[in-house]
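Printed here is input-v9.txt (compact mmCIF, C-alpha atoms):
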# COMPACT_ATOMS: atom_id res chain seq x y z
CA GLY T 1 -18.71 -20.54 -6.86
CA GLN T 2 -20.02 -22.79 -4.82
CA SER T 3 -20.53 -24.31 -2.07
CA PRO T 4 -22.28 -24.09 0.41
CA ALA T 5 -24.32 -23.34 5.21
CA SER T 6 -24.82 -20.52 7.24
CA LEU T 7 -26.13 -19.19 10.34
CA LEU T 8 -25.47 -22.32 11.80
CA SER T 9 -25.76 -22.71 15.32
CA SER T 10 -25.68 -24.39 18.62
CA ARG T 11 -26.69 -27.96 19.38
CA ALA T 12 -30.15 -26.82 20.34
CA GLN T 13 -30.61 -25.07 17.03
CA ILE T 14 -29.11 -27.95 15.11
CA SER T 15 -31.57 -30.34 16.70
CA LYS T 16 -34.44 -28.25 15.39
CA ILE T 17 -33.44 -28.94 11.82
CA LYS T 18 -31.87 -32.37 12.12
CA ARG T 19 -34.60 -33.86 9.97
CA ALA T 20 -33.75 -31.44 7.18
CA ALA T 21 -30.00 -32.01 7.08
CA SER T 22 -27.03 -33.28 9.03
CA PRO T 23 -24.72 -30.99 11.03
CA VAL T 24 -22.10 -31.42 8.32
CA GLN T 25 -24.48 -29.83 5.85
CA LEU T 26 -25.26 -27.13 8.35
CA ARG T 27 -21.69 -26.07 8.05
CA THR T 28 -21.67 -25.99 4.31
CA ALA T 29 -24.92 -24.51 3.30
CA LEU T 30 -24.93 -21.51 1.00
CA SER T 31 -22.25 -22.99 -0.65
CA HIS T 32 -20.37 -23.37 -3.62
CA ARG T 33 -19.04 -20.85 -2.70
CA SER T 34 -16.24 -20.08 -4.81
CA ALA T 35 -14.21 -17.09 -5.74
CA MET T 36 -12.84 -18.56 -8.93
CA SER T 37 -11.13 -17.41 -12.09
CA GLU T 38 -10.59 -18.86 -15.51
CA PRO T 39 -8.09 -21.73 -15.68
CA ALA T 40 -4.58 -20.40 -16.23
CA GLY T 41 -2.03 -22.77 -17.65
CA PRO T 42 -1.09 -26.28 -16.58
CA VAL T 43 -1.43 -27.41 -13.00
CA SER T 44 1.76 -28.08 -11.09
CA SER T 45 0.92 -31.13 -9.02
CA SER T 46 3.86 -30.40 -6.73
CA SER T 47 2.19 -27.17 -5.58
CA ILE T 48 -1.12 -28.86 -4.77
CA ARG T 49 -1.44 -30.66 -1.46
CA GLN T 50 -4.23 -32.96 -0.26
CA PHE T 51 -4.66 -33.74 3.44
CA SER T 52 -7.09 -34.20 6.32
CA ARG T 53 -7.53 -32.15 9.45
CA GLU T 54 -6.24 -35.06 11.52
CA GLU T 55 -3.02 -35.05 9.47
CA ASP T 56 -2.40 -31.32 9.84
CA PRO T 57 -4.73 -29.35 12.17
CA LYS T 58 -2.68 -26.16 11.82
CA ALA T 59 -2.84 -26.16 8.03
CA ALA T 60 -6.55 -26.97 8.16
CA GLU T 61 -7.15 -23.93 10.35
CA ALA T 62 -5.15 -21.79 7.92
CA CYS T 63 -7.48 -23.00 5.17
CA ALA T 64 -10.48 -21.98 7.28
CA VAL T 65 -9.04 -18.46 7.30
CA THR T 66 -8.75 -18.42 3.50
CA LEU T 67 -12.32 -19.68 3.10
CA GLY T 68 -13.62 -17.15 5.61
CA GLN T 69 -11.89 -14.26 3.86
CA ALA T 70 -13.04 -15.31 0.40
CA MET T 71 -16.63 -16.10 1.27
CA ALA T 72 -17.11 -12.97 3.37
CA GLN T 73 -16.84 -10.99 0.12
CA GLY T 74 -19.98 -12.50 -1.34
CA ASP T 75 -23.54 -11.50 -0.56
CA GLU T 76 -25.04 -15.00 -0.85
CA SER T 77 -25.50 -15.23 2.90
CA SER T 78 -27.05 -11.80 3.45
CA LEU T 79 -30.43 -13.47 3.66
CA PHE T 80 -29.37 -15.51 6.67
CA CYS T 81 -26.82 -13.34 8.47
CA THR T 82 -27.74 -10.47 10.78
CA LYS T 83 -24.85 -8.08 10.05
CA PRO T 84 -22.32 -7.65 7.22
CA GLU T 85 -19.41 -7.79 9.67
CA HIS T 86 -20.47 -11.29 10.65
CA GLY T 87 -19.42 -12.58 7.24
CA TYR T 88 -15.84 -13.52 8.05
CA PRO T 89 -16.33 -15.08 11.50
CA ARG T 90 -19.37 -17.01 10.29
CA TRP T 91 -17.68 -18.47 7.23
CA HIS T 92 -14.51 -19.19 9.18
CA ALA T 93 -16.60 -21.11 11.70
CA ILE T 94 -18.42 -22.97 8.92
CA ALA T 95 -15.09 -24.15 7.50
CA HIS T 96 -13.65 -24.95 10.94
CA ASN T 97 -16.66 -27.06 11.94
CA TYR T 98 -16.90 -28.79 8.57
CA MET T 99 -13.28 -29.92 8.70
CA LEU T 100 -13.55 -30.87 12.37
CA GLU T 101 -16.60 -33.06 11.82
CA MET T 102 -14.94 -34.82 8.87
CA ALA T 103 -11.47 -34.69 10.40
CA GLY T 104 -10.32 -38.05 9.10
CA VAL T 105 -11.24 -37.42 5.46
CA ARG T 106 -8.48 -36.23 3.11
CA MET T 107 -10.77 -33.64 1.58
CA ILE T 108 -8.69 -30.46 1.96
CA TYR T 109 -6.78 -29.28 -1.09
CA THR T 110 -4.45 -26.30 -1.22
CA LEU T 111 -2.66 -24.46 -3.98
CA GLY T 112 0.15 -22.83 -2.06
CA ASP T 113 1.57 -23.90 1.29
CA ALA T 114 -0.91 -23.81 4.19
CA ARG T 115 1.79 -24.81 6.66
CA THR T 116 3.19 -21.28 6.74
CA GLY T 117 -0.09 -19.35 6.72
CA PRO T 118 -3.46 -19.10 4.91
CA PRO T 119 -3.00 -20.56 1.41
CA PRO T 120 -3.82 -18.45 -1.68
CA CYS T 121 -6.37 -21.03 -2.85
CA MET T 122 -8.11 -23.99 -1.21
CA ALA T 123 -10.90 -26.47 -1.79
CA ILE T 124 -12.95 -28.97 0.16
CA SER T 125 -13.83 -31.94 -2.01
CA TYR T 126 -14.52 -35.62 -1.38
CA TRP T 127 -16.02 -38.78 -2.86
CA TYR T 128 -19.72 -39.07 -2.17
CA PRO T 129 -21.06 -41.14 -0.52
CA GLU T 130 -17.93 -43.18 0.35
CA GLU T 131 -16.14 -40.46 2.30
CA TYR T 132 -19.14 -38.52 3.56
CA VAL T 133 -19.40 -38.57 7.34
CA GLU T 134 -23.03 -38.18 8.37
CA HIS T 135 -23.70 -37.15 11.93
CA GLN T 136 -25.68 -39.79 13.76
CA GLU T 137 -28.66 -38.58 15.74
CA GLY T 138 -27.82 -38.50 19.43
CA ALA T 139 -24.08 -38.84 18.88
CA PRO T 140 -21.86 -36.21 20.56
CA GLN T 141 -20.35 -33.52 18.39
CA PRO T 142 -16.56 -33.28 18.12
CA GLU T 143 -14.88 -31.18 20.76
CA GLY T 144 -14.02 -27.69 19.57
CA MET T 145 -17.08 -26.99 17.41
CA LEU T 146 -17.81 -23.26 17.11
CA ASP T 147 -21.23 -21.82 17.95
CA MET T 148 -22.68 -19.65 15.18
CA SER T 149 -26.06 -18.84 16.71
CA GLN T 150 -25.05 -15.20 17.21
CA TYR T 151 -24.97 -14.71 13.44
CA ARG T 152 -28.38 -16.19 12.65
CA ARG T 153 -31.26 -14.10 11.39
CA PRO T 154 -34.27 -15.51 13.31
CA GLU T 155 -36.88 -14.95 10.60
CA ALA T 156 -34.77 -16.88 8.09
CA GLY T 157 -35.03 -20.19 9.93
CA GLN T 158 -37.53 -21.81 7.57
CA ALA T 159 -35.65 -20.71 4.46
CA LEU T 160 -32.44 -22.12 5.90
CA MET T 161 -34.08 -25.46 6.64
CA GLU T 162 -35.34 -25.62 3.07
CA LEU T 163 -31.91 -24.74 1.66
CA LEU T 164 -30.18 -27.40 3.76
CA ALA T 165 -32.74 -29.98 2.71
CA ALA T 166 -32.21 -29.01 -0.95
CA LEU T 167 -28.46 -29.58 -0.59
CA ASP T 168 -29.05 -33.02 0.87
CA GLU T 169 -31.76 -34.02 -1.61
CA GLY T 170 -29.73 -32.79 -4.57
CA LYS T 171 -26.77 -35.02 -3.80
CA LYS T 172 -28.96 -38.05 -3.05
CA ALA T 173 -30.92 -37.63 -6.27
CA PHE T 174 -27.74 -37.32 -8.31
CA LEU T 175 -26.30 -40.41 -6.62
CA LYS T 176 -29.26 -42.44 -7.84
CA GLU T 177 -28.69 -41.24 -11.39
CA ALA T 178 -24.90 -41.27 -11.71
CA GLY T 179 -23.60 -43.47 -8.91
CA PRO T 180 -20.77 -42.35 -6.60
CA PHE T 181 -19.27 -39.00 -7.60
CA LEU T 182 -16.75 -36.34 -6.65
CA TYR T 183 -18.42 -33.57 -4.66
CA ILE T 184 -16.85 -30.11 -4.60
CA ALA T 185 -18.21 -28.36 -1.52
CA PHE T 186 -15.95 -25.28 -1.55
CA LEU T 187 -13.43 -23.72 -3.91
CA CYS T 188 -12.02 -20.40 -2.69
CA THR T 189 -9.24 -17.96 -3.49
CA SER T 190 -8.12 -15.39 -0.93
CA PRO T 191 -8.97 -11.77 -1.79
CA GLY T 192 -5.33 -10.84 -2.39
CA HIS T 193 -4.80 -13.61 -4.94
CA GLN T 194 -7.99 -13.47 -6.99
CA GLY T 195 -7.85 -12.93 -10.74
CA GLN T 196 -4.67 -15.01 -11.18
CA GLY T 197 -6.34 -18.23 -12.32
CA LEU T 198 -5.56 -20.12 -9.12
CA GLY T 199 -9.11 -21.35 -8.62
CA GLY T 200 -9.14 -22.64 -12.18
CA GLN T 201 -5.89 -24.53 -11.62
CA LEU T 202 -7.15 -26.21 -8.47
CA LEU T 203 -10.46 -27.05 -10.15
CA ALA T 204 -8.58 -28.61 -13.08
CA HIS T 205 -6.73 -30.82 -10.62
CA LEU T 206 -9.98 -31.99 -9.03
CA LEU T 207 -11.57 -32.66 -12.42
CA SER T 208 -8.56 -34.71 -13.47
CA GLN T 209 -9.01 -36.90 -10.40
CA ALA T 210 -12.64 -37.55 -11.29
CA ASP T 211 -11.75 -38.25 -14.91
CA ALA T 212 -9.06 -40.73 -13.87
CA ALA T 213 -11.61 -42.53 -11.70
CA GLY T 214 -14.29 -42.40 -14.41
CA LYS T 215 -16.64 -40.50 -12.05
CA TRP T 216 -18.99 -37.57 -12.41
CA VAL T 217 -18.42 -34.28 -10.57
CA TYR T 218 -21.23 -32.49 -8.73
CA LEU T 219 -21.42 -29.06 -7.11
CA GLU T 220 -23.75 -26.18 -6.32
CA ALA T 221 -23.06 -22.70 -7.68
CA THR T 222 -24.63 -19.74 -5.92
CA ASN T 223 -24.61 -17.12 -8.69
CA GLU T 224 -24.91 -16.82 -12.46
CA ARG T 225 -21.32 -15.70 -12.97
CA ASN T 226 -19.84 -18.85 -11.52
CA ALA T 227 -22.50 -21.07 -13.07
CA LYS T 228 -21.57 -19.78 -16.53
CA LEU T 229 -17.90 -20.38 -15.81
CA TYR T 230 -18.61 -23.96 -14.78
CA GLU T 231 -20.64 -24.43 -17.96
CA ARG T 232 -17.60 -23.44 -20.01
CA LEU T 233 -15.68 -26.17 -18.17
CA GLY T 234 -18.14 -28.89 -19.11
CA PHE T 235 -20.76 -28.66 -16.36
CA THR T 236 -24.48 -28.64 -17.09
CA ARG T 237 -27.32 -27.33 -14.95
CA ARG T 238 -29.63 -29.78 -13.23
CA GLY T 239 -31.94 -27.14 -11.80
CA SER T 240 -31.97 -24.26 -9.33
CA LYS T 241 -33.78 -22.92 -6.29
CA THR T 242 -34.00 -19.42 -4.82
CA TRP T 243 -35.07 -18.25 -1.36
CA THR T 244 -36.28 -14.79 -0.35
CA LEU T 245 -37.74 -13.10 2.72
CA PRO T 246 -40.57 -10.52 2.74
CA SER T 247 -38.63 -8.51 5.31
CA LEU T 248 -35.59 -8.23 3.00
CA PRO T 249 -36.76 -7.02 -0.42
CA GLY T 250 -34.08 -7.42 -3.05
CA LYS T 251 -32.14 -10.01 -1.06
CA SER T 252 -32.06 -13.66 -2.06
CA SER T 253 -30.03 -16.83 -1.82
CA SER T 254 -29.78 -19.30 -4.70
CA LEU T 255 -28.42 -22.74 -5.44
CA ILE T 256 -27.67 -23.84 -9.00
CA PHE T 257 -27.16 -27.60 -9.10
CA MET T 258 -24.51 -28.62 -11.64
CA SER T 259 -22.74 -31.78 -12.81
CA ARG T 260 -20.01 -32.83 -15.22
CA PRO T 261 -19.45 -36.27 -16.78
CA PRO T 262 -16.05 -37.95 -16.76
CA ARG T 263 -13.83 -37.33 -19.74
CA LYS T 264 -11.43 -39.80 -21.30
CA ALA T 265 -7.79 -38.80 -21.62
What is this file in structure tokens?
Amino acid sequence: GQSPASLLSSRAQISKIKRAASPVQLRTALSHRSAMSEPAGPVSSSSIRQFSREEDPKAAEACAVTLGQAMAQGDESSLFCTKPEHGYPRWHAIAHNYMLEMAGVRMIYTLGDARTGPPPCMAISYWYPEEYVEHQEGAPQPEGMLDMSQYRRPEAGQALMELLAALDEGKKAFLKEAGPFLYIAFLCTSPGHQGQGLGGQLLAHLLSQADAAGKWVYLEATNERNAKLYERLGFTRRGSKTWTLPSLPGKSSSLIFMSRPPRKA
């Protein structure tokens, strides 16, 4: 899976990399971030809900819990995070800030009811560039943003800037080639519900929306396993980038840029 933003930080730290990417991207880097399984059977549209944070703040926060739990399992962010136990609070904060900064966008999808607790499966997906909310330089941040500076590995600052810039440049380059598209930023299944095909069902729903609109789909995978799964679902690779640190031999963070053309019914 996708996805994906880490070690994000305070306003002071954000300002240091504002030329590389917007604060929204800061909260999604490391991304595609997805704990996904093979598609399993037809999608029941009645069990899938789409909403914005403004429409349901409580359900949005429940989704941040699911994303935090799912993404904390992966090791994609080990290059940027200081301690393993920081995985859940960091990813929860990434999701919280992302949804807060784009609070009016109906970009949250759930498979399972998020009104009664963290949903089994959730996604963050929106039309780019129409629905993308880019933070304007000098504009105040929304109230309630979480500070993630405590999780940041200092020596990884340059690598993080490059990763954030790659996320931004990848979407802009694809926009020039394909026109407006559906961007899947996150697709996550909670640890207790993985292996049941829920991620595949929610992905199928998103793909059907893009197909109905005649639009391409774009995402970033962060490991070979998920990239190969996306390939089986019609995605092709556009390229990839990997970051390492001399101080952390064997550790790396990768982005695999992928896209899928619309299909006719």
Would you mind listing what lies within 6 Å of T:Trp216 as JSON, numbers by chain, with only C-alpha atoms counted and same-chain residues fewer than 3 positions away left out? {"T": [181, 260, 261, 262]}
Got a sec: who's within 7 Å of stretch 90-93 of chain T, counting all atoms listed in the file, leaving out chain neighbours fewer than 4 positions off, as a ChimeraX atom specification? /T:64-65,67-68,71-72,86,97,146,148,151
For a quick check of understanding, using all atoms listed in the file, which of T:Phe257, T:Trp243, T:Pro129, T:Glu61 has the smallest distance to T:Glu162?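 Of T:Phe257, T:Trp243, T:Pro129, T:Glu61, the one nearest T:Glu162 is T:Trp243, counting all atoms listed in the file.
If you look at atom CA of T:Arg263 and atom CA of T:Ala210, they are 8.5 Å away from each other.
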Using only C-alpha atoms, find the one residue out of T:Ala178, T:Ile184, T:Ala166, T:Leu233 that sits nearest to T:Gly214.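 Comparing T:Ala178, T:Ile184, T:Ala166, T:Leu233 against T:Gly214, the winner is T:Ala178.
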Enclose stretch 125-130 of chain T, meaning all of its atoms listed in the file, in a box aligned along x, y and z, pad it by 8 Å on each side, and list the centre and edge lengths in Å to one decimal, as JSON.
{"center_x": -17.4, "center_y": -37.6, "center_z": -1.3, "size_x": 23.2, "size_y": 27.2, "size_z": 19.2}
Counting all atoms listed in the file, I want the residues whose atoms come within 10 Å of (-9.9, -40.2, 10.4) in the file frame, returned as a PyMOL selection string. chain T and resi 52-55+101-106
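Going from atom CA of T:Pro142 to atom CA of T:Ile108 covers 18.2 Å.
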I'd like the contact shell of T:Tyr128 - 9 Å cut-off, all atoms listed in the file, skipping same-chain residues fewer than 5 positions apart - returned as number ranges by chain. T: 171, 175, 179-183
